[in-house]
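**Q** Pasting run.pdb below, which is PDB, C-alpha atoms.
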ATOM      1  CA  MET A   1      75.056 113.266  84.688  1.00  0.00           C
ATOM      2  CA  TYR A   2      76.210 111.363  87.762  1.00  0.00           C
ATOM      3  CA  GLU A   3      79.792 110.330  88.322  1.00  0.00           C
ATOM      4  CA  ILE A   4      81.439 108.217  91.019  1.00  0.00           C
ATOM      5  CA  THR A   5      85.108 107.459  91.555  1.00  0.00           C
ATOM      6  CA  LYS A   6      86.736 104.606  93.460  1.00  0.00           C
ATOM      7  CA  GLU A   7      90.414 104.579  94.418  1.00  0.00           C
ATOM      8  CA  TYR A   8      92.770 101.596  94.722  1.00  0.00           C
ATOM      9  CA  HIS A   9      96.364 101.379  95.932  1.00  0.00           C
ATOM     10  CA  PHE A  10      99.218  99.017  95.199  1.00  0.00           C
ATOM     11  CA  SER A  11     102.994  98.994  95.393  1.00  0.00           C
ATOM     12  CA  ALA A  12     105.159  97.614  92.633  1.00  0.00           C
ATOM     13  CA  ALA A  13     108.510  97.880  90.932  1.00  0.00           C
ATOM     14  CA  HIS A  14     109.229  98.416  87.258  1.00  0.00           C
ATOM     15  CA  ALA A  15     111.850  99.645  84.851  1.00  0.00           C
ATOM     16  CA  LEU A  16     111.483 101.456  81.552  1.00  0.00           C
ATOM     17  CA  PRO A  17     114.293  99.946  79.470  1.00  0.00           C
ATOM     18  CA  SER A  18     113.346 101.955  76.379  1.00  0.00           C
ATOM     19  CA  LEU A  19     114.533 105.126  78.108  1.00  0.00           C
ATOM     20  CA  PRO A  20     118.221 106.151  77.860  1.00  0.00           C
ATOM     21  CA  LYS A  21     120.495 104.190  80.182  1.00  0.00           C
ATOM     22  CA  ASP A  22     121.329 107.297  82.190  1.00  0.00           C
ATOM     23  CA  HIS A  23     117.629 108.053  82.872  1.00  0.00           C
ATOM     24  CA  LYS A  24     116.674 107.139  86.453  1.00  0.00           C
ATOM     25  CA  CYS A  25     113.536 105.297  85.293  1.00  0.00           C
ATOM     26  CA  HIS A  26     115.605 103.035  83.052  1.00  0.00           C
ATOM     27  CA  ARG A  27     116.717 101.251  86.233  1.00  0.00           C
ATOM     28  CA  LEU A  28     114.470  99.084  88.393  1.00  0.00           C
ATOM     29  CA  HIS A  29     112.579 101.275  90.869  1.00  0.00           C
ATOM     30  CA  GLY A  30     109.280 101.246  92.739  1.00  0.00           C
ATOM     31  CA  HIS A  31     106.141 103.300  93.283  1.00  0.00           C
ATOM     32  CA  ASN A  32     103.131 103.394  95.546  1.00  0.00           C
ATOM     33  CA  TYR A  33     100.518 103.538  92.804  1.00  0.00           C
ATOM     34  CA  VAL A  34      97.027 105.000  93.043  1.00  0.00           C
ATOM     35  CA  VAL A  35      94.407 103.866  90.524  1.00  0.00           C
ATOM     36  CA  GLU A  36      91.137 105.800  90.204  1.00  0.00           C
ATOM     37  CA  VAL A  37      88.183 104.378  88.299  1.00  0.00           C
ATOM     38  CA  CYS A  38      85.399 106.769  87.323  1.00  0.00           C
ATOM     39  CA  VAL A  39      81.941 105.456  86.421  1.00  0.00           C
ATOM     40  CA  SER A  40      79.182 107.709  85.109  1.00  0.00           C
ATOM     41  CA  SER A  41      75.515 107.481  84.232  1.00  0.00           C
ATOM     42  CA  GLU A  42      72.690 109.791  83.226  1.00  0.00           C
ATOM     43  CA  ARG A  43      70.374 107.892  85.564  1.00  0.00           C
ATOM     44  CA  LEU A  44      70.594 106.218  88.923  1.00  0.00           C
ATOM     45  CA  ASP A  45      69.583 102.591  89.315  1.00  0.00           C
ATOM     46  CA  GLU A  46      66.638 101.424  91.438  1.00  0.00           C
ATOM     47  CA  THR A  47      68.798 101.673  94.572  1.00  0.00           C
ATOM     48  CA  GLY A  48      69.741 105.305  93.886  1.00  0.00           C
ATOM     49  CA  MET A  49      73.273 104.531  92.705  1.00  0.00           C
ATOM     50  CA  VAL A  50      75.289 104.915  89.528  1.00  0.00           C
ATOM     51  CA  VAL A  51      76.669 101.480  90.361  1.00  0.00           C
ATOM     52  CA  ASP A  52      77.522  99.824  93.638  1.00  0.00           C
ATOM     53  CA  PHE A  53      81.158 100.564  94.557  1.00  0.00           C
ATOM     54  CA  ALA A  54      81.466  96.846  95.330  1.00  0.00           C
ATOM     55  CA  ALA A  55      80.831  96.065  91.644  1.00  0.00           C
ATOM     56  CA  ILE A  56      83.843  98.180  90.685  1.00  0.00           C
ATOM     57  CA  THR A  57      85.954  96.470  93.329  1.00  0.00           C
ATOM     58  CA  GLU A  58      84.970  93.041  91.979  1.00  0.00           C
ATOM     59  CA  VAL A  59      86.624  94.008  88.701  1.00  0.00           C
ATOM     60  CA  VAL A  60      89.590  96.059  89.894  1.00  0.00           C
ATOM     61  CA  GLU A  61      90.718  94.193  93.009  1.00  0.00           C
ATOM     62  CA  PRO A  62      91.804  91.001  91.176  1.00  0.00           C
ATOM     63  CA  LEU A  63      93.835  93.137  88.745  1.00  0.00           C
ATOM     64  CA  VAL A  64      95.495  95.001  91.599  1.00  0.00           C
ATOM     65  CA  SER A  65      96.139  91.817  93.589  1.00  0.00           C
ATOM     66  CA  ALA A  66      97.852  90.210  90.592  1.00  0.00           C
ATOM     67  CA  ILE A  67     100.463  92.981  90.374  1.00  0.00           C
ATOM     68  CA  ASP A  68     100.770  94.233  93.969  1.00  0.00           C
ATOM     69  CA  HIS A  69     104.328  93.934  95.327  1.00  0.00           C
ATOM     70  CA  ARG A  70     105.573  92.522  92.027  1.00  0.00           C
ATOM     71  CA  ASN A  71     107.881  93.620  89.236  1.00  0.00           C
ATOM     72  CA  LEU A  72     105.425  94.909  86.625  1.00  0.00           C
ATOM     73  CA  ASN A  73     107.867  94.056  83.841  1.00  0.00           C
ATOM     74  CA  ASP A  74     107.539  90.393  84.820  1.00  0.00           C
ATOM     75  CA  CYS A  75     103.728  90.289  84.870  1.00  0.00           C
ATOM     76  CA  LEU A  76     102.578  92.674  82.124  1.00  0.00           C
ATOM     77  CA  SER A  77     103.326  92.467  78.414  1.00  0.00           C
ATOM     78  CA  PHE A  78     103.560  96.180  77.637  1.00  0.00           C
ATOM     79  CA  PRO A  79     105.786  99.096  78.650  1.00  0.00           C
ATOM     80  CA  THR A  80     104.700  99.799  82.215  1.00  0.00           C
ATOM     81  CA  THR A  81     104.252 103.555  82.010  1.00  0.00           C
ATOM     82  CA  SER A  82     101.416 105.217  83.916  1.00  0.00           C
ATOM     83  CA  GLU A  83      99.709 105.902  80.605  1.00  0.00           C
ATOM     84  CA  ASN A  84      99.713 102.226  79.608  1.00  0.00           C
ATOM     85  CA  LEU A  85      98.634 101.122  83.082  1.00  0.00           C
ATOM     86  CA  ALA A  86      95.668 103.508  82.931  1.00  0.00           C
ATOM     87  CA  LYS A  87      94.625 102.020  79.580  1.00  0.00           C
ATOM     88  CA  TYR A  88      95.077  98.478  80.939  1.00  0.00           C
ATOM     89  CA  PHE A  89      92.751  99.130  83.874  1.00  0.00           C
ATOM     90  CA  TYR A  90      90.283 101.046  81.686  1.00  0.00           C
ATOM     91  CA  LEU A  91      89.928  98.250  79.142  1.00  0.00           C
ATOM     92  CA  ALA A  92      89.548  95.604  81.851  1.00  0.00           C
ATOM     93  CA  CYS A  93      86.789  97.646  83.486  1.00  0.00           C
ATOM     94  CA  ALA A  94      85.061  98.618  80.236  1.00  0.00           C
ATOM     95  CA  HIS A  95      84.511  94.940  79.388  1.00  0.00           C
ATOM     96  CA  LYS A  96      82.610  94.406  82.642  1.00  0.00           C
ATOM     97  CA  PHE A  97      80.274  97.389  82.566  1.00  0.00           C
ATOM     98  CA  GLU A  98      77.780  98.779  80.052  1.00  0.00           C
ATOM     99  CA  ARG A  99      79.299 100.706  77.151  1.00  0.00           C
ATOM    100  CA  GLY A 100      80.176 104.225  78.195  1.00  0.00           C
ATOM    101  CA  GLN A 101      79.793 103.684  81.932  1.00  0.00           C
ATOM    102  CA  ILE A 102      83.524 103.799  82.566  1.00  0.00           C
ATOM    103  CA  SER A 103      84.378 107.468  82.017  1.00  0.00           C
ATOM    104  CA  TRP A 104      88.093 107.263  82.696  1.00  0.00           C
ATOM    105  CA  VAL A 105      90.814 105.568  84.695  1.00  0.00           C
ATOM    106  CA  SER A 106      93.824 107.356  86.123  1.00  0.00           C
ATOM    107  CA  VAL A 107      97.095 106.021  87.493  1.00  0.00           C
ATOM    108  CA  SER A 108      99.441 107.998  89.734  1.00  0.00           C
ATOM    109  CA  GLU A 109     103.001 106.959  90.494  1.00  0.00           C
ATOM    110  CA  THR A 110     103.590 109.873  92.857  1.00  0.00           C
ATOM    111  CA  PRO A 111     101.367 112.459  94.568  1.00  0.00           C
ATOM    112  CA  SER A 112     102.275 115.008  91.875  1.00  0.00           C
ATOM    113  CA  THR A 113     101.810 112.858  88.735  1.00  0.00           C
ATOM    114  CA  LYS A 114      98.769 111.330  87.106  1.00  0.00           C
ATOM    115  CA  ALA A 115      97.971 109.729  83.749  1.00  0.00           C
ATOM    116  CA  ARG A 116      94.356 109.406  82.645  1.00  0.00           C
ATOM    117  CA  TYR A 117      92.895 107.175  79.903  1.00  0.00           C
ATOM    118  CA  TYR A 118      89.408 107.440  78.407  1.00  0.00           C
ATOM    119  CA  GLU A 119      87.685 106.798  75.100  1.00  0.00           C
TER
END
Represent the structure contained in this file as structure tokens.

**A**
Amino acid sequence: MYEITKEYHFSAAHALPSLPKDHKCHRLHGHNYVVEVCVSSERLDETGMVVDFAAITEVVEPLVSAIDHRNLNDCLSFPTTSENLAKYFYLACAHKFERGQISWVSVSETPSTKARYYE
């Protein structure tokens, strides 16, 4: 099995209003997010690749650009936790690639935290 991973970065603000009012994440705050997209395949294509990294970027970059330096609560219709963001990116990527090629997507808000979504 072959596996490749591409990393993307964006900065954004969000709040998690469902948390208690005294929780720091209840208030508007920001992160420098890191999104990792992992693509896998049992075989390489005719060029010797799982998939061209540029093909991943064609899917992910518009998603990142749409939310970079924005308030995520204003542009997304779900609670903007790392877990939900990972699923959001995963589903967007899964629709563009062959079934099963997207192994997982992770989202980090800080260097010491990471949420991963896969099916």

**Q** Given the file shown, determine the residues that the PyMOL selection byres ((chain A and resi 50) around 8) selects; report them as a list of chain:residue names.

**A**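 On the file shown, the PyMOL selection byres ((chain A and resi 50) around 8) covers A:Tyr2, A:Glu3, A:Ile4, A:Val39, A:Ser40, A:Ser41, A:Arg43, A:Leu44, A:Asp45, A:Gly48, A:Met49, A:Val51, A:Asp52.
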
**Q** Tell me, as a list in words, which residues lie within 12 Å of Ser18 (chain A), counting only C-alpha atoms; anything in the same chain fewer than 6 positions away does not count.

**A**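 The contact residues come out as Lys24, Cys25, His26, Arg27, Phe78, Pro79, Thr80 and Thr81 of chain A.
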
**Q** Would you compute, for all listed atoms of region 93-97 of chain A, the axis-aligned bounding box grown by 8 Å on each side, and then report its centre and edge lengths in Å rounded to one decimal, as AutoDock Vina command-line options?

**A**
--center_x 83.5 --center_y 96.5 --center_z 81.4 --size_x 22.5 --size_y 20.2 --size_z 20.1

**Q** Find the residues near region 100-105 of chain A: any atom within 12 Å, counting all atoms listed in the file, skip ones fewer than 5 places away on the same chain, and give them as JSON, numbers by chain.

**A** {"A": [1, 2, 3, 4, 5, 6, 7, 8, 34, 35, 36, 37, 38, 39, 40, 41, 42, 43, 44, 50, 51, 56, 59, 60, 82, 83, 84, 85, 86, 87, 88, 89, 90, 91, 92, 93, 94, 95, 114, 115, 116, 117, 118, 119]}

**Q** Using only C-alpha atoms, please write the residues we just selected to a file, as a PDB file, in the frame of the given file.

**A**
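Dumped to part.pdb:
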ATOM      1  CA  MET A   1      75.056 113.266  84.688  1.00  0.00           C
ATOM      2  CA  TYR A   2      76.210 111.363  87.762  1.00  0.00           C
ATOM      3  CA  GLU A   3      79.792 110.330  88.322  1.00  0.00           C
ATOM      4  CA  ILE A   4      81.439 108.217  91.019  1.00  0.00           C
ATOM      5  CA  THR A   5      85.108 107.459  91.555  1.00  0.00           C
ATOM      6  CA  LYS A   6      86.736 104.606  93.460  1.00  0.00           C
ATOM      7  CA  GLU A   7      90.414 104.579  94.418  1.00  0.00           C
ATOM      8  CA  TYR A   8      92.770 101.596  94.722  1.00  0.00           C
ATOM      9  CA  VAL A  34      97.027 105.000  93.043  1.00  0.00           C
ATOM     10  CA  VAL A  35      94.407 103.866  90.524  1.00  0.00           C
ATOM     11  CA  GLU A  36      91.137 105.800  90.204  1.00  0.00           C
ATOM     12  CA  VAL A  37      88.183 104.378  88.299  1.00  0.00           C
ATOM     13  CA  CYS A  38      85.399 106.769  87.323  1.00  0.00           C
ATOM     14  CA  VAL A  39      81.941 105.456  86.421  1.00  0.00           C
ATOM     15  CA  SER A  40      79.182 107.709  85.109  1.00  0.00           C
ATOM     16  CA  SER A  41      75.515 107.481  84.232  1.00  0.00           C
ATOM     17  CA  GLU A  42      72.690 109.791  83.226  1.00  0.00           C
ATOM     18  CA  ARG A  43      70.374 107.892  85.564  1.00  0.00           C
ATOM     19  CA  LEU A  44      70.594 106.218  88.923  1.00  0.00           C
ATOM     20  CA  VAL A  50      75.289 104.915  89.528  1.00  0.00           C
ATOM     21  CA  VAL A  51      76.669 101.480  90.361  1.00  0.00           C
ATOM     22  CA  ILE A  56      83.843  98.180  90.685  1.00  0.00           C
ATOM     23  CA  VAL A  59      86.624  94.008  88.701  1.00  0.00           C
ATOM     24  CA  VAL A  60      89.590  96.059  89.894  1.00  0.00           C
ATOM     25  CA  SER A  82     101.416 105.217  83.916  1.00  0.00           C
ATOM     26  CA  GLU A  83      99.709 105.902  80.605  1.00  0.00           C
ATOM     27  CA  ASN A  84      99.713 102.226  79.608  1.00  0.00           C
ATOM     28  CA  LEU A  85      98.634 101.122  83.082  1.00  0.00           C
ATOM     29  CA  ALA A  86      95.668 103.508  82.931  1.00  0.00           C
ATOM     30  CA  LYS A  87      94.625 102.020  79.580  1.00  0.00           C
ATOM     31  CA  TYR A  88      95.077  98.478  80.939  1.00  0.00           C
ATOM     32  CA  PHE A  89      92.751  99.130  83.874  1.00  0.00           C
ATOM     33  CA  TYR A  90      90.283 101.046  81.686  1.00  0.00           C
ATOM     34  CA  LEU A  91      89.928  98.250  79.142  1.00  0.00           C
ATOM     35  CA  ALA A  92      89.548  95.604  81.851  1.00  0.00           C
ATOM     36  CA  CYS A  93      86.789  97.646  83.486  1.00  0.00           C
ATOM     37  CA  ALA A  94      85.061  98.618  80.236  1.00  0.00           C
ATOM     38  CA  HIS A  95      84.511  94.940  79.388  1.00  0.00           C
ATOM     39  CA  LYS A 114      98.769 111.330  87.106  1.00  0.00           C
ATOM     40  CA  ALA A 115      97.971 109.729  83.749  1.00  0.00           C
ATOM     41  CA  ARG A 116      94.356 109.406  82.645  1.00  0.00           C
ATOM     42  CA  TYR A 117      92.895 107.175  79.903  1.00  0.00           C
ATOM     43  CA  TYR A 118      89.408 107.440  78.407  1.00  0.00           C
ATOM     44  CA  GLU A 119      87.685 106.798  75.100  1.00  0.00           C
TER      45      GLU A 119
END

**Q** For each of A:Thr47, A:Ser11, A:Ser77, A:Asn71, take the minimum atom-to-atom distance to Asn32 (chain A), counting only C-alpha atoms, then give the residue where this is smallest.

**A**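 Going through A:Thr47, A:Ser11, A:Ser77, A:Asn71 one by one, the smallest distance to Asn32 (chain A) is for A:Ser11.
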
**Q** Save region 6-72 of chain A to disk from that block, C-alpha atoms included, as a PDB file, in the first residue's frame.

**A**
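selection05.pdb written:
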ATOM      1  CA  LYS A   6      -0.153  16.899   1.661  1.00  0.00           C
ATOM      2  CA  GLU A   7      -0.297  19.699   4.227  1.00  0.00           C
ATOM      3  CA  TYR A   8      -2.166  23.016   4.025  1.00  0.00           C
ATOM      4  CA  HIS A   9      -2.180  26.009   6.363  1.00  0.00           C
ATOM      5  CA  PHE A  10      -4.705  28.716   7.112  1.00  0.00           C
ATOM      6  CA  SER A  11      -5.498  31.158   9.887  1.00  0.00           C
ATOM      7  CA  ALA A  12      -9.013  31.778  11.100  1.00  0.00           C
ATOM      8  CA  ALA A  13     -11.109  32.763  14.072  1.00  0.00           C
ATOM      9  CA  HIS A  14     -14.029  30.903  15.591  1.00  0.00           C
ATOM     10  CA  ALA A  15     -16.028  30.506  18.757  1.00  0.00           C
ATOM     11  CA  LEU A  16     -17.716  27.453  20.217  1.00  0.00           C
ATOM     12  CA  PRO A  17     -20.901  28.912  21.712  1.00  0.00           C
ATOM     13  CA  SER A  18     -22.171  25.503  22.829  1.00  0.00           C
ATOM     14  CA  LEU A  19     -19.420  25.363  25.448  1.00  0.00           C
ATOM     15  CA  PRO A  20     -20.016  26.913  28.906  1.00  0.00           C
ATOM     16  CA  LYS A  21     -19.682  30.694  28.946  1.00  0.00           C
ATOM     17  CA  ASP A  22     -16.646  30.525  31.212  1.00  0.00           C
ATOM     18  CA  HIS A  23     -14.776  28.187  28.810  1.00  0.00           C
ATOM     19  CA  LYS A  24     -12.066  30.068  26.888  1.00  0.00           C
ATOM     20  CA  CYS A  25     -13.183  28.558  23.563  1.00  0.00           C
ATOM     21  CA  HIS A  26     -16.700  29.904  24.051  1.00  0.00           C
ATOM     22  CA  ARG A  27     -15.281  33.336  23.186  1.00  0.00           C
ATOM     23  CA  LEU A  28     -14.060  34.364  19.742  1.00  0.00           C
ATOM     24  CA  HIS A  29     -10.431  33.295  19.301  1.00  0.00           C
ATOM     25  CA  GLY A  30      -8.089  32.299  16.491  1.00  0.00           C
ATOM     26  CA  HIS A  31      -5.805  29.490  15.365  1.00  0.00           C
ATOM     27  CA  ASN A  32      -3.148  28.814  12.781  1.00  0.00           C
ATOM     28  CA  TYR A  33      -4.675  25.633  11.396  1.00  0.00           C
ATOM     29  CA  VAL A  34      -2.858  22.780   9.681  1.00  0.00           C
ATOM     30  CA  VAL A  35      -4.856  20.446   7.433  1.00  0.00           C
ATOM     31  CA  GLU A  36      -3.311  17.156   6.282  1.00  0.00           C
ATOM     32  CA  VAL A  37      -4.870  15.114   3.494  1.00  0.00           C
ATOM     33  CA  CYS A  38      -3.749  11.505   3.114  1.00  0.00           C
ATOM     34  CA  VAL A  39      -4.302   9.636  -0.157  1.00  0.00           C
ATOM     35  CA  SER A  40      -3.536   5.940  -0.549  1.00  0.00           C
ATOM     36  CA  SER A  41      -3.459   3.337  -3.284  1.00  0.00           C
ATOM     37  CA  GLU A  42      -2.396  -0.268  -3.742  1.00  0.00           C
ATOM     38  CA  ARG A  43      -0.873   0.662  -7.097  1.00  0.00           C
ATOM     39  CA  LEU A  44       0.971   3.578  -8.589  1.00  0.00           C
ATOM     40  CA  ASP A  45      -0.318   5.240 -11.737  1.00  0.00           C
ATOM     41  CA  GLU A  46       1.560   5.247 -15.056  1.00  0.00           C
ATOM     42  CA  THR A  47       3.724   8.138 -13.826  1.00  0.00           C
ATOM     43  CA  GLY A  48       4.790   6.273 -10.674  1.00  0.00           C
ATOM     44  CA  MET A  49       2.542   8.246  -8.324  1.00  0.00           C
ATOM     45  CA  VAL A  50      -0.372   7.540  -6.018  1.00  0.00           C
ATOM     46  CA  VAL A  51      -1.795  10.803  -7.332  1.00  0.00           C
ATOM     47  CA  ASP A  52      -0.167  14.054  -8.324  1.00  0.00           C
ATOM     48  CA  PHE A  53       0.062  16.370  -5.291  1.00  0.00           C
ATOM     49  CA  ALA A  54      -1.289  19.101  -7.577  1.00  0.00           C
ATOM     50  CA  ALA A  55      -4.558  17.152  -7.913  1.00  0.00           C
ATOM     51  CA  ILE A  56      -5.011  17.278  -4.138  1.00  0.00           C
ATOM     52  CA  THR A  57      -4.244  20.990  -4.115  1.00  0.00           C
ATOM     53  CA  GLU A  58      -6.868  21.608  -6.813  1.00  0.00           C
ATOM     54  CA  VAL A  59      -9.475  20.291  -4.388  1.00  0.00           C
ATOM     55  CA  VAL A  60      -8.181  21.595  -1.063  1.00  0.00           C
ATOM     56  CA  GLU A  61      -6.863  25.047  -1.956  1.00  0.00           C
ATOM     57  CA  PRO A  62     -10.278  26.541  -2.871  1.00  0.00           C
ATOM     58  CA  LEU A  63     -11.682  25.251   0.440  1.00  0.00           C
ATOM     59  CA  VAL A  64      -8.796  26.759   2.379  1.00  0.00           C
ATOM     60  CA  SER A  65      -8.957  30.055   0.475  1.00  0.00           C
ATOM     61  CA  ALA A  66     -12.670  30.397   1.247  1.00  0.00           C
ATOM     62  CA  ILE A  67     -12.076  30.304   5.013  1.00  0.00           C
ATOM     63  CA  ASP A  68      -8.559  31.733   5.420  1.00  0.00           C
ATOM     64  CA  HIS A  69      -8.483  34.830   7.653  1.00  0.00           C
ATOM     65  CA  ARG A  70     -12.228  34.609   8.252  1.00  0.00           C
ATOM     66  CA  ASN A  71     -14.531  33.886  11.167  1.00  0.00           C
ATOM     67  CA  LEU A  72     -15.402  30.219  10.610  1.00  0.00           C
TER      68      LEU A  72
END
